[in-house]
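I have placed the structure first, in the form of C-alpha cells, so that the comments after it can refer back to it.
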Amino acid sequence: MALDEGNQSSVTLFILLGFSEYPHLQAPLFLMFLTIYTVTLVGNLGIIAVVRINPKLHTPMYFFLSHLSFLDICYSSVFTPKLLEILVMEDRSISFKACMVQFFFVCAFVITEMFMLAVMAYDRFVAVCNPLLYTVAMSRKLCALLVAGTYVWGGICSLTLTYSLLELSFCGPNIIHHFGCEYSAPPAILSLSCSDPSFSQRMCLVISTFNEACSLLIILASYIFIVATIVKMPSTGGLQKAFSTCASHLTTITIFHGIILLLYCVPNSKSSWLLVKVATVFFTVMIPMLNPLIYSLRNKDVKDTARKLIHTKLLSHSM
C-alpha cells in the first residue's frame, strides 16, 4: 500500500539519542537517575501510606496530596525506566507503538497533575477564606468529583494529542533528539513526519496553552483571595498558620509551572536541544522526587506519622 493512501507509516521504531553525545557521563547519569527514581518511589509511596494510616490526615488537602503522589509515581514510572535503559544499553530504539503509548500516558499524567495542583489551590482558598465552612464546602463527594474531573480531562486531552500524532505519516528519518516520547518533545517527533504536521502542531499549541492558562488562572485567583484574607487577619498566629498551609503548595506550583514555562520559551533549534533535555529531566525526574520532600519536610503531622511508622517497623524487625 502506498504511503499516500491514508496515513500510513513505514517507520516501525525510533532511535532515542538521549545524552549519547556525552559517553563519559552515561554511567554517572544512570546512577544519579536510578537513585532519584528510587527516592521518588519510596517518598511518594510513603506519603500515600502516611495519609492512609493517620486518621488526622483524612482531610481534603491530604486526599488531594495522596493523588498528587500517585500521579508523580505514574509519571516518573512511564518515563524514567526508558531513560535508564538507553543510558546503559547499546540499543536506544523504541517501537512506534511504544512511543505513542509513552506519549499518551506522559501527556495524560502531566495535564492531570497540572489541574490537580489547581484543585489543591482551590482547596487552600476554601480552607483559608472559609475555615468554618471548610468541611461542608469540601465534601467527600465534591473532592471525588474534582479528582475524577482532573483524570478525565487529562485523558481526553492526551487522547486528542496522541490521535493527532497517529494521523501523521512517518517514513524516515527516525532519530529523535530526546530521550523519550515526552510531552515537551512534540517538535522532535513532528519534525520526523513526512506529511503535513500543521494540524498536530496547532492541536499541541492550543491544548498546551489552554491548559496552562486555565490552571494558572485558577491558582492565581485562589491565591489573590488567600492573600487578601491573610492581610485582614488581626493575629500573627492566624497569619503564620495560613501561610504554613500554603507554603508547600506554592513551592510545588512555582517549580512545576516554572519548568513548563521555561520549556515553552525555549526556541526549537539545535542549539537549544541540550537545554530542553536538562529542563525535561528536571521536570520528569526531579519534580516527582521533590514533591514528597517539600510536603513532608514542612508538615508536622506527616513527619510524626512517618517517624512512628519507621519506629514501629524497626521494633517489629528487632523483636
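As shown in the C-alpha cells, the chain order sets the letters A, B, ...; within each chain, residues go from 1, and ligands are also counted from 1 in the order they appear.
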Sorted per-residue table, region 243-268 of chain A near region 218-231 of chain A, closest atoms and distance, 12 Å, only C-alpha atoms, as CSV:
```
residue,atom,partner,partner_atom,distance
A:Phe243,CA,A:Ile230,CA,8.1
A:Ser244,CA,A:Ile230,CA,11.6
A:Thr245,CA,A:Ile226,CA,10.9
A:Cys246,CA,A:Tyr223,CA,9.0
A:Ala247,CA,A:Tyr223,CA,11.3
A:His249,CA,A:Ile219,CA,10.3
A:Leu250,CA,A:Tyr223,CA,9.2
A:Thr252,CA,A:Ile219,CA,12.0
A:Ile253,CA,A:Ile219,CA,8.7
A:Thr254,CA,A:Ile219,CA,10.8
A:His257,CA,A:Ile219,CA,10.9
```
Writer output for current selection, all heavy atoms, as a PDB file, in the first residue's frame:
```
ATOM      1  N   PHE A 243      -0.176  30.886  56.340  1.00  0.00           N
ATOM      2  CA  PHE A 243       0.992  30.820  55.458  1.00  0.00           C
ATOM      3  C   PHE A 243       1.554  29.407  55.393  1.00  0.00           C
ATOM      4  O   PHE A 243       1.933  28.933  54.315  1.00  0.00           O
ATOM      5  CB  PHE A 243       2.071  31.787  55.945  1.00  0.00           C
ATOM      6  CG  PHE A 243       3.323  31.749  55.116  1.00  0.00           C
ATOM      7  CD1 PHE A 243       3.364  32.363  53.873  1.00  0.00           C
ATOM      8  CD2 PHE A 243       4.458  31.082  55.554  1.00  0.00           C
ATOM      9  CE1 PHE A 243       4.512  32.319  53.100  1.00  0.00           C
ATOM     10  CE2 PHE A 243       5.600  31.031  54.799  1.00  0.00           C
ATOM     11  CZ  PHE A 243       5.635  31.658  53.564  1.00  0.00           C
ATOM     12  N   SER A 244       1.599  28.731  56.546  1.00  0.00           N
ATOM     13  CA  SER A 244       2.180  27.385  56.583  1.00  0.00           C
ATOM     14  C   SER A 244       1.364  26.387  55.772  1.00  0.00           C
ATOM     15  O   SER A 244       1.911  25.439  55.215  1.00  0.00           O
ATOM     16  CB  SER A 244       2.305  26.901  58.031  1.00  0.00           C
ATOM     17  OG  SER A 244       1.028  26.732  58.615  1.00  0.00           O
ATOM     18  N   THR A 245       0.040  26.587  55.707  1.00  0.00           N
ATOM     19  CA  THR A 245      -0.802  25.658  54.941  1.00  0.00           C
ATOM     20  C   THR A 245      -0.628  25.840  53.431  1.00  0.00           C
ATOM     21  O   THR A 245      -0.962  24.952  52.656  1.00  0.00           O
ATOM     22  CB  THR A 245      -2.293  25.848  55.284  1.00  0.00           C
ATOM     23  OG1 THR A 245      -2.703  27.179  54.937  1.00  0.00           O
ATOM     24  CG2 THR A 245      -2.568  25.601  56.746  1.00  0.00           C
ATOM     25  N   CYS A 246      -0.100  27.002  53.026  1.00  0.00           N
ATOM     26  CA  CYS A 246       0.031  27.296  51.594  1.00  0.00           C
ATOM     27  C   CYS A 246       1.471  27.218  51.084  1.00  0.00           C
ATOM     28  O   CYS A 246       1.688  27.121  49.875  1.00  0.00           O
ATOM     29  CB  CYS A 246      -0.518  28.694  51.296  1.00  0.00           C
ATOM     30  SG  CYS A 246      -2.248  28.924  51.740  1.00  0.00           S
ATOM     31  N   ALA A 247       2.448  27.278  51.996  1.00  0.00           N
ATOM     32  CA  ALA A 247       3.857  27.380  51.589  1.00  0.00           C
ATOM     33  C   ALA A 247       4.305  26.198  50.739  1.00  0.00           C
ATOM     34  O   ALA A 247       4.947  26.377  49.695  1.00  0.00           O
ATOM     35  CB  ALA A 247       4.745  27.519  52.825  1.00  0.00           C
ATOM     36  N   HIS A 249       2.485  24.083  48.978  1.00  0.00           N
ATOM     37  CA  HIS A 249       1.779  24.077  47.697  1.00  0.00           C
ATOM     38  C   HIS A 249       2.348  25.135  46.755  1.00  0.00           C
ATOM     39  O   HIS A 249       2.537  24.884  45.558  1.00  0.00           O
ATOM     40  CB  HIS A 249       0.283  24.321  47.941  1.00  0.00           C
ATOM     41  CG  HIS A 249      -0.532  24.245  46.687  1.00  0.00           C
ATOM     42  ND1 HIS A 249      -1.216  25.326  46.188  1.00  0.00           N
ATOM     43  CD2 HIS A 249      -0.760  23.217  45.829  1.00  0.00           C
ATOM     44  CE1 HIS A 249      -1.830  24.970  45.073  1.00  0.00           C
ATOM     45  NE2 HIS A 249      -1.580  23.700  44.837  1.00  0.00           N
ATOM     46  N   LEU A 250       2.636  26.320  47.282  1.00  0.00           N
ATOM     47  CA  LEU A 250       3.215  27.394  46.469  1.00  0.00           C
ATOM     48  C   LEU A 250       4.592  27.000  45.927  1.00  0.00           C
ATOM     49  O   LEU A 250       4.917  27.302  44.772  1.00  0.00           O
ATOM     50  CB  LEU A 250       3.336  28.670  47.304  1.00  0.00           C
ATOM     51  CG  LEU A 250       2.122  29.606  47.311  1.00  0.00           C
ATOM     52  CD1 LEU A 250       2.333  30.731  48.303  1.00  0.00           C
ATOM     53  CD2 LEU A 250       1.849  30.166  45.924  1.00  0.00           C
ATOM     54  N   THR A 252       5.664  23.929  45.290  1.00  0.00           N
ATOM     55  CA  THR A 252       5.439  22.925  44.245  1.00  0.00           C
ATOM     56  C   THR A 252       4.958  23.573  42.952  1.00  0.00           C
ATOM     57  O   THR A 252       5.447  23.248  41.860  1.00  0.00           O
ATOM     58  CB  THR A 252       4.400  21.890  44.718  1.00  0.00           C
ATOM     59  OG1 THR A 252       4.858  21.279  45.922  1.00  0.00           O
ATOM     60  CG2 THR A 252       4.174  20.814  43.667  1.00  0.00           C
ATOM     61  N   ILE A 253       4.004  24.509  43.068  1.00  0.00           N
ATOM     62  CA  ILE A 253       3.466  25.203  41.893  1.00  0.00           C
ATOM     63  C   ILE A 253       4.562  25.989  41.174  1.00  0.00           C
ATOM     64  O   ILE A 253       4.667  25.956  39.944  1.00  0.00           O
ATOM     65  CB  ILE A 253       2.324  26.157  42.306  1.00  0.00           C
ATOM     66  CG1 ILE A 253       1.069  25.369  42.664  1.00  0.00           C
ATOM     67  CG2 ILE A 253       1.996  27.146  41.182  1.00  0.00           C
ATOM     68  CD1 ILE A 253      -0.011  26.215  43.285  1.00  0.00           C
ATOM     69  N   THR A 254       5.377  26.691  41.942  1.00  0.00           N
ATOM     70  CA  THR A 254       6.440  27.515  41.355  1.00  0.00           C
ATOM     71  C   THR A 254       7.412  26.667  40.543  1.00  0.00           C
ATOM     72  O   THR A 254       7.772  27.023  39.408  1.00  0.00           O
ATOM     73  CB  THR A 254       7.207  28.261  42.467  1.00  0.00           C
ATOM     74  OG1 THR A 254       6.292  29.060  43.223  1.00  0.00           O
ATOM     75  CG2 THR A 254       8.287  29.146  41.873  1.00  0.00           C
ATOM     76  N   HIS A 257       5.249  24.847  37.330  1.00  0.00           N
ATOM     77  CA  HIS A 257       4.901  25.747  36.232  1.00  0.00           C
ATOM     78  C   HIS A 257       6.106  26.541  35.742  1.00  0.00           C
ATOM     79  O   HIS A 257       6.145  26.931  34.562  1.00  0.00           O
ATOM     80  CB  HIS A 257       3.771  26.682  36.672  1.00  0.00           C
ATOM     81  CG  HIS A 257       2.437  26.016  36.731  1.00  0.00           C
ATOM     82  ND1 HIS A 257       1.683  25.759  35.605  1.00  0.00           N
ATOM     83  CD2 HIS A 257       1.731  25.531  37.785  1.00  0.00           C
ATOM     84  CE1 HIS A 257       0.559  25.161  35.963  1.00  0.00           C
ATOM     85  NE2 HIS A 257       0.565  24.999  37.275  1.00  0.00           N
TER      86      HIS A 257
END
```
(request) Just list the residues in region 105-258 of chain A DSSP gives alpha helix (DSSP H) on the backbone, as a PyMOL selection string. (result) chain A and resi 105-129+134-137+140-166+186-190+198-231+236-258
Excluding region 203-209 of chain A and its own-chain neighbours fewer than 3 positions away, which residues fall within 12 Å of it when counting only C-alpha atoms? Please give them as a compact mmCIF listing (two decimals) with all heavy atoms, in the first residue's frame.
```
# COMPACT_ATOMS: atom_id res chain seq x y z
N CYS A 107 1.50 12.62 28.58
CA CYS A 107 0.58 13.76 28.41
C CYS A 107 -0.56 13.69 29.42
O CYS A 107 -0.90 14.70 30.05
CB CYS A 107 -0.02 13.74 27.00
SG CYS A 107 1.10 14.26 25.71
N ALA A 108 -1.15 12.51 29.58
CA ALA A 108 -2.29 12.35 30.49
C ALA A 108 -1.90 12.71 31.92
O ALA A 108 -2.61 13.45 32.61
CB ALA A 108 -2.82 10.92 30.43
N VAL A 110 0.77 14.51 33.05
CA VAL A 110 1.22 15.89 33.28
C VAL A 110 0.05 16.85 33.28
O VAL A 110 -0.01 17.79 34.09
CB VAL A 110 2.30 16.32 32.26
CG1 VAL A 110 1.72 16.59 30.89
CG2 VAL A 110 3.04 17.57 32.76
N ILE A 111 -0.93 16.64 32.40
CA ILE A 111 -2.11 17.52 32.37
C ILE A 111 -2.97 17.29 33.61
O ILE A 111 -3.47 18.24 34.22
CB ILE A 111 -2.93 17.28 31.08
CG1 ILE A 111 -2.12 17.71 29.85
CG2 ILE A 111 -4.25 18.05 31.13
CD1 ILE A 111 -2.73 17.31 28.52
N MET A 114 -1.29 18.98 36.45
CA MET A 114 -1.44 20.42 36.30
C MET A 114 -2.74 20.89 36.96
O MET A 114 -2.75 21.88 37.71
CB MET A 114 -1.44 20.76 34.80
CG MET A 114 -1.40 22.24 34.48
SD MET A 114 -1.44 22.48 32.68
CE MET A 114 0.16 21.84 32.20
N TRP A 153 -10.22 14.81 32.28
CA TRP A 153 -9.75 15.87 31.38
C TRP A 153 -8.34 15.57 30.87
O TRP A 153 -8.05 15.77 29.68
CB TRP A 153 -9.77 17.21 32.09
CG TRP A 153 -9.33 18.35 31.22
CD1 TRP A 153 -8.20 19.10 31.34
CD2 TRP A 153 -10.00 18.85 30.05
NE1 TRP A 153 -8.12 20.04 30.34
CE2 TRP A 153 -9.21 19.91 29.53
CE3 TRP A 153 -11.18 18.51 29.41
CZ2 TRP A 153 -9.58 20.62 28.39
CZ3 TRP A 153 -11.55 19.22 28.26
CH2 TRP A 153 -10.75 20.26 27.77
N GLY A 154 -7.47 15.08 31.73
CA GLY A 154 -6.13 14.71 31.29
C GLY A 154 -6.17 13.63 30.23
O GLY A 154 -5.42 13.69 29.24
N ILE A 156 -8.71 12.95 28.13
CA ILE A 156 -9.30 13.48 26.89
C ILE A 156 -8.27 14.29 26.10
O ILE A 156 -8.11 14.11 24.89
CB ILE A 156 -10.54 14.35 27.21
CG1 ILE A 156 -11.69 13.48 27.72
CG2 ILE A 156 -10.99 15.14 25.97
CD1 ILE A 156 -12.87 14.27 28.26
N CYS A 157 -7.56 15.18 26.80
CA CYS A 157 -6.54 16.00 26.13
C CYS A 157 -5.43 15.13 25.55
O CYS A 157 -4.98 15.34 24.42
CB CYS A 157 -5.95 17.01 27.11
SG CYS A 157 -7.08 18.30 27.62
N SER A 158 -5.00 14.15 26.32
CA SER A 158 -3.93 13.27 25.87
C SER A 158 -4.36 12.44 24.66
O SER A 158 -3.59 12.24 23.72
CB SER A 158 -3.50 12.35 27.01
OG SER A 158 -2.44 11.52 26.61
N LEU A 159 -5.60 11.95 24.71
CA LEU A 159 -6.13 11.17 23.59
C LEU A 159 -6.17 12.01 22.32
O LEU A 159 -5.82 11.53 21.23
CB LEU A 159 -7.53 10.65 23.93
CG LEU A 159 -8.12 9.56 23.04
CD1 LEU A 159 -7.28 8.29 23.12
CD2 LEU A 159 -9.55 9.26 23.45
N THR A 160 -6.56 13.27 22.46
CA THR A 160 -6.63 14.17 21.30
C THR A 160 -5.24 14.42 20.72
O THR A 160 -5.05 14.36 19.50
CB THR A 160 -7.26 15.52 21.72
OG1 THR A 160 -8.53 15.28 22.32
CG2 THR A 160 -7.42 16.43 20.52
N LEU A 161 -4.27 14.69 21.60
CA LEU A 161 -2.90 14.94 21.15
C LEU A 161 -2.29 13.70 20.48
O LEU A 161 -1.64 13.80 19.44
CB LEU A 161 -2.03 15.37 22.32
CG LEU A 161 -2.27 16.77 22.89
CD1 LEU A 161 -1.52 16.96 24.20
CD2 LEU A 161 -1.86 17.84 21.88
N THR A 162 -2.52 12.54 21.10
CA THR A 162 -1.96 11.30 20.55
C THR A 162 -2.60 10.96 19.21
O THR A 162 -1.91 10.53 18.27
CB THR A 162 -2.16 10.14 21.54
OG1 THR A 162 -1.66 10.51 22.82
CG2 THR A 162 -1.43 8.89 21.07
N TYR A 163 -3.90 11.18 19.10
CA TYR A 163 -4.61 10.93 17.84
C TYR A 163 -4.05 11.81 16.72
O TYR A 163 -3.87 11.36 15.59
CB TYR A 163 -6.11 11.18 18.01
CG TYR A 163 -6.90 11.04 16.73
CD1 TYR A 163 -7.21 9.77 16.22
CD2 TYR A 163 -7.32 12.16 16.03
CE1 TYR A 163 -7.92 9.64 15.04
CE2 TYR A 163 -8.03 12.05 14.85
CZ TYR A 163 -8.34 10.78 14.36
OH TYR A 163 -9.04 10.65 13.19
N SER A 164 -3.76 13.09 17.06
CA SER A 164 -3.21 14.00 16.04
C SER A 164 -1.84 13.52 15.55
O SER A 164 -1.49 13.73 14.39
CB SER A 164 -3.12 15.42 16.60
OG SER A 164 -2.07 15.54 17.56
N LEU A 165 -1.07 12.87 16.42
CA LEU A 165 0.22 12.31 16.01
C LEU A 165 0.03 11.05 15.17
O LEU A 165 0.75 10.83 14.18
CB LEU A 165 1.08 11.98 17.24
CG LEU A 165 1.77 13.13 17.97
CD1 LEU A 165 2.62 12.59 19.11
CD2 LEU A 165 2.63 13.96 17.03
N TYR A 183 6.04 14.87 26.63
CA TYR A 183 5.10 15.98 26.40
C TYR A 183 5.79 17.22 25.85
O TYR A 183 5.20 17.95 25.06
CB TYR A 183 4.41 16.31 27.73
CG TYR A 183 3.30 17.33 27.61
CD1 TYR A 183 2.12 17.03 26.93
CD2 TYR A 183 3.42 18.58 28.19
CE1 TYR A 183 1.11 17.95 26.83
CE2 TYR A 183 2.41 19.51 28.11
CZ TYR A 183 1.25 19.18 27.43
OH TYR A 183 0.24 20.10 27.33
N SER A 184 7.02 17.47 26.26
CA SER A 184 7.72 18.67 25.79
C SER A 184 8.44 18.45 24.46
O SER A 184 9.10 19.35 23.96
CB SER A 184 8.76 19.12 26.83
OG SER A 184 9.77 18.14 26.96
N ALA A 185 8.30 17.23 23.90
CA ALA A 185 9.08 16.91 22.70
C ALA A 185 8.26 16.71 21.43
O ALA A 185 8.77 16.11 20.50
CB ALA A 185 9.88 15.62 22.96
N PRO A 186 7.00 17.23 21.32
CA PRO A 186 6.30 17.07 20.05
C PRO A 186 7.06 17.61 18.86
O PRO A 186 7.04 16.99 17.79
CB PRO A 186 4.99 17.84 20.28
CG PRO A 186 4.77 17.81 21.73
CD PRO A 186 6.15 17.87 22.32
N PRO A 187 7.78 18.79 18.97
CA PRO A 187 8.53 19.25 17.81
C PRO A 187 9.55 18.23 17.31
O PRO A 187 9.75 18.09 16.11
CB PRO A 187 9.23 20.52 18.32
CG PRO A 187 8.38 21.00 19.45
CD PRO A 187 7.86 19.74 20.09
N ILE A 189 9.30 14.99 17.50
CA ILE A 189 8.58 13.92 16.81
C ILE A 189 7.97 14.44 15.51
O ILE A 189 8.05 13.79 14.46
CB ILE A 189 7.47 13.34 17.72
CG1 ILE A 189 8.09 12.78 19.00
CG2 ILE A 189 6.70 12.24 17.00
CD1 ILE A 189 7.07 12.33 20.03
N LEU A 190 7.36 15.63 15.55
CA LEU A 190 6.71 16.19 14.37
C LEU A 190 7.71 16.45 13.24
O LEU A 190 7.35 16.33 12.06
CB LEU A 190 6.00 17.50 14.73
CG LEU A 190 4.77 17.38 15.64
CD1 LEU A 190 4.26 18.76 16.00
CD2 LEU A 190 3.68 16.58 14.97
N PRO A 197 2.42 18.42 9.22
CA PRO A 197 2.17 18.32 10.66
C PRO A 197 1.44 19.54 11.23
O PRO A 197 1.33 19.68 12.45
CB PRO A 197 3.59 18.25 11.23
CG PRO A 197 4.38 19.11 10.31
CD PRO A 197 3.76 18.98 8.94
N SER A 198 0.93 20.43 10.37
CA SER A 198 0.38 21.71 10.85
C SER A 198 -0.81 21.50 11.78
O SER A 198 -0.95 22.20 12.79
CB SER A 198 -0.02 22.60 9.67
OG SER A 198 -0.95 21.93 8.84
N PHE A 199 -1.69 20.53 11.48
CA PHE A 199 -2.85 20.28 12.35
C PHE A 199 -2.40 19.82 13.73
O PHE A 199 -2.89 20.30 14.76
CB PHE A 199 -3.78 19.23 11.73
CG PHE A 199 -4.91 18.81 12.63
CD1 PHE A 199 -5.98 19.66 12.87
CD2 PHE A 199 -4.88 17.57 13.27
CE1 PHE A 199 -7.01 19.29 13.72
CE2 PHE A 199 -5.92 17.19 14.12
CZ PHE A 199 -6.98 18.05 14.34
N SER A 200 -1.45 18.88 13.76
CA SER A 200 -0.94 18.38 15.04
C SER A 200 -0.23 19.48 15.81
O SER A 200 -0.37 19.58 17.04
CB SER A 200 0.02 17.22 14.79
OG SER A 200 0.40 16.62 16.01
N GLU A 212 -2.48 25.34 30.37
CA GLU A 212 -1.57 26.13 31.20
C GLU A 212 -2.26 27.41 31.68
O GLU A 212 -2.17 27.77 32.87
CB GLU A 212 -0.31 26.47 30.40
CG GLU A 212 0.73 27.28 31.16
CD GLU A 212 1.40 26.52 32.29
OE1 GLU A 212 1.19 25.29 32.40
OE2 GLU A 212 2.12 27.16 33.08
N ALA A 213 -2.95 28.09 30.76
CA ALA A 213 -3.63 29.34 31.12
C ALA A 213 -4.74 29.10 32.14
O ALA A 213 -4.85 29.83 33.14
CB ALA A 213 -4.19 30.01 29.87
N CYS A 214 -5.56 28.07 31.91
CA CYS A 214 -6.68 27.78 32.82
C CYS A 214 -6.19 27.41 34.21
O CYS A 214 -6.70 27.91 35.22
CB CYS A 214 -7.54 26.66 32.25
SG CYS A 214 -8.61 27.19 30.91
N SER A 215 -5.21 26.51 34.28
CA SER A 215 -4.71 26.08 35.59
C SER A 215 -4.06 27.24 36.34
O SER A 215 -4.28 27.40 37.55
CB SER A 215 -3.72 24.92 35.43
OG SER A 215 -2.60 25.30 34.65
N LEU A 216 -3.30 28.07 35.63
CA LEU A 216 -2.66 29.22 36.28
C LEU A 216 -3.68 30.26 36.73
O LEU A 216 -3.51 30.88 37.78
CB LEU A 216 -1.64 29.86 35.34
CG LEU A 216 -0.29 29.15 35.22
CD1 LEU A 216 0.60 29.85 34.20
CD2 LEU A 216 0.43 29.08 36.58
N LEU A 217 -4.75 30.44 35.95
CA LEU A 217 -5.80 31.40 36.34
C LEU A 217 -6.51 30.94 37.60
O LEU A 217 -6.81 31.76 38.49
CB LEU A 217 -6.81 31.57 35.20
CG LEU A 217 -6.40 32.50 34.05
CD1 LEU A 217 -7.42 32.45 32.92
CD2 LEU A 217 -6.25 33.94 34.55
N ILE A 260 7.63 24.33 33.11
CA ILE A 260 6.76 24.30 31.93
C ILE A 260 6.93 25.57 31.11
O ILE A 260 7.09 25.53 29.88
CB ILE A 260 5.28 24.11 32.33
CG1 ILE A 260 5.04 22.68 32.83
CG2 ILE A 260 4.36 24.39 31.14
CD1 ILE A 260 3.61 22.41 33.25
N LEU A 261 6.88 26.72 31.78
CA LEU A 261 7.03 28.00 31.07
C LEU A 261 8.41 28.13 30.44
O LEU A 261 8.55 28.70 29.35
CB LEU A 261 6.76 29.15 32.03
CG LEU A 261 5.31 29.27 32.53
CD1 LEU A 261 5.19 30.34 33.61
CD2 LEU A 261 4.36 29.57 31.37
N LEU A 263 10.16 25.61 29.24
CA LEU A 263 10.12 24.77 28.05
C LEU A 263 9.34 25.44 26.92
O LEU A 263 9.66 25.27 25.74
CB LEU A 263 9.51 23.40 28.39
CG LEU A 263 10.39 22.47 29.22
CD1 LEU A 263 9.59 21.27 29.73
CD2 LEU A 263 11.58 21.98 28.40
N TYR A 264 8.29 26.21 27.27
CA TYR A 264 7.54 26.95 26.26
C TYR A 264 8.40 28.02 25.59
O TYR A 264 8.27 28.27 24.39
CB TYR A 264 6.33 27.65 26.91
CG TYR A 264 5.12 26.79 27.13
CD1 TYR A 264 4.06 27.24 27.90
CD2 TYR A 264 5.03 25.52 26.56
CE1 TYR A 264 2.94 26.46 28.13
CE2 TYR A 264 3.92 24.72 26.78
CZ TYR A 264 2.87 25.19 27.57
OH TYR A 264 1.77 24.41 27.77
```
(message) Please report the interatomic distance between CA of Phe14 (chain A) and CA of Trp273 (chain A) in Å with one decimal.
(response) 17.4 Å
(request) For Val119 (chain A), work out the shell of residues within 8 Å, counting only C-alpha atoms and skipping chain neighbours fewer than 3 positions away, then give it as a ChimeraX atom specification. (result) /A:64,115-116,122-123,146-147
Selected residues written out, N, CA, C and O atoms, as a PDB file, in the first residue's frame:
```pdb
ATOM      1  N   PHE A  64      -6.092  15.083  48.272  1.00  0.00           N
ATOM      2  CA  PHE A  64      -5.511  15.586  47.018  1.00  0.00           C
ATOM      3  C   PHE A  64      -4.008  15.315  46.971  1.00  0.00           C
ATOM      4  O   PHE A  64      -3.465  14.977  45.912  1.00  0.00           O
ATOM      5  N   PHE A 115      -3.827  20.171  36.684  1.00  0.00           N
ATOM      6  CA  PHE A 115      -5.118  20.564  37.243  1.00  0.00           C
ATOM      7  C   PHE A 115      -5.299  20.068  38.676  1.00  0.00           C
ATOM      8  O   PHE A 115      -6.097  20.644  39.421  1.00  0.00           O
ATOM      9  N   MET A 116      -4.563  19.026  39.072  1.00  0.00           N
ATOM     10  CA  MET A 116      -4.597  18.603  40.473  1.00  0.00           C
ATOM     11  C   MET A 116      -4.019  19.701  41.352  1.00  0.00           C
ATOM     12  O   MET A 116      -4.534  19.982  42.445  1.00  0.00           O
ATOM     13  N   TYR A 122      -7.523  25.655  44.978  1.00  0.00           N
ATOM     14  CA  TYR A 122      -8.924  25.953  45.362  1.00  0.00           C
ATOM     15  C   TYR A 122      -9.212  25.445  46.765  1.00  0.00           C
ATOM     16  O   TYR A 122      -9.877  26.126  47.561  1.00  0.00           O
ATOM     17  N   ASP A 123      -8.679  24.278  47.099  1.00  0.00           N
ATOM     18  CA  ASP A 123      -8.846  23.720  48.444  1.00  0.00           C
ATOM     19  C   ASP A 123      -8.230  24.641  49.496  1.00  0.00           C
ATOM     20  O   ASP A 123      -8.830  24.883  50.554  1.00  0.00           O
ATOM     21  N   LEU A 146     -13.914  16.394  41.845  1.00  0.00           N
ATOM     22  CA  LEU A 146     -12.797  17.220  41.386  1.00  0.00           C
ATOM     23  C   LEU A 146     -11.627  16.368  40.924  1.00  0.00           C
ATOM     24  O   LEU A 146     -11.021  16.626  39.871  1.00  0.00           O
ATOM     25  N   VAL A 147     -11.314  15.336  41.698  1.00  0.00           N
ATOM     26  CA  VAL A 147     -10.210  14.437  41.332  1.00  0.00           C
ATOM     27  C   VAL A 147     -10.544  13.667  40.048  1.00  0.00           C
ATOM     28  O   VAL A 147      -9.720  13.570  39.132  1.00  0.00           O
TER      29      VAL A 147
END
```
(request) Extract, using only C-alpha atoms, all DNA, RNA and protein residues at most 10 Å from region 136-140 of chain A, discarding same-chain residues fewer than 4 positions from it, and format them as a ChimeraX atom specification. (result) /A:59-61,63,122-123,126-127,130-132,144-146
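Proximity to Thr112 (chain A) was assessed for A:Thr150, A:Asn211, A:Ser69, A:Thr80 counting only C-alpha atoms; the smallest distance is recorded for A:Thr150.
Distance-wise, CA of Met120 (chain A) and CA of Leu290 (chain A) end up 17.0 Å apart.
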(request) Rounded to one decimal place, report the CA of Cys194 (chain A)-CA of Pro173 (chain A) distance in Å. (result) 9.1 Å
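For the set A:Glu182, A:Gln26, A:Tyr151, A:Ile86, the residue with the smallest atom-to-atom gap to Met100 (chain A) is A:Glu182, counting only C-alpha atoms.
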(message) When you count only C-alpha atoms, which of these residues is closest to Tyr62 (chain A): A:Val302, A:Val42, A:Cys99, A:Val88?
(response)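 Counting only C-alpha atoms, the residue closest to Tyr62 (chain A) is A:Val302.
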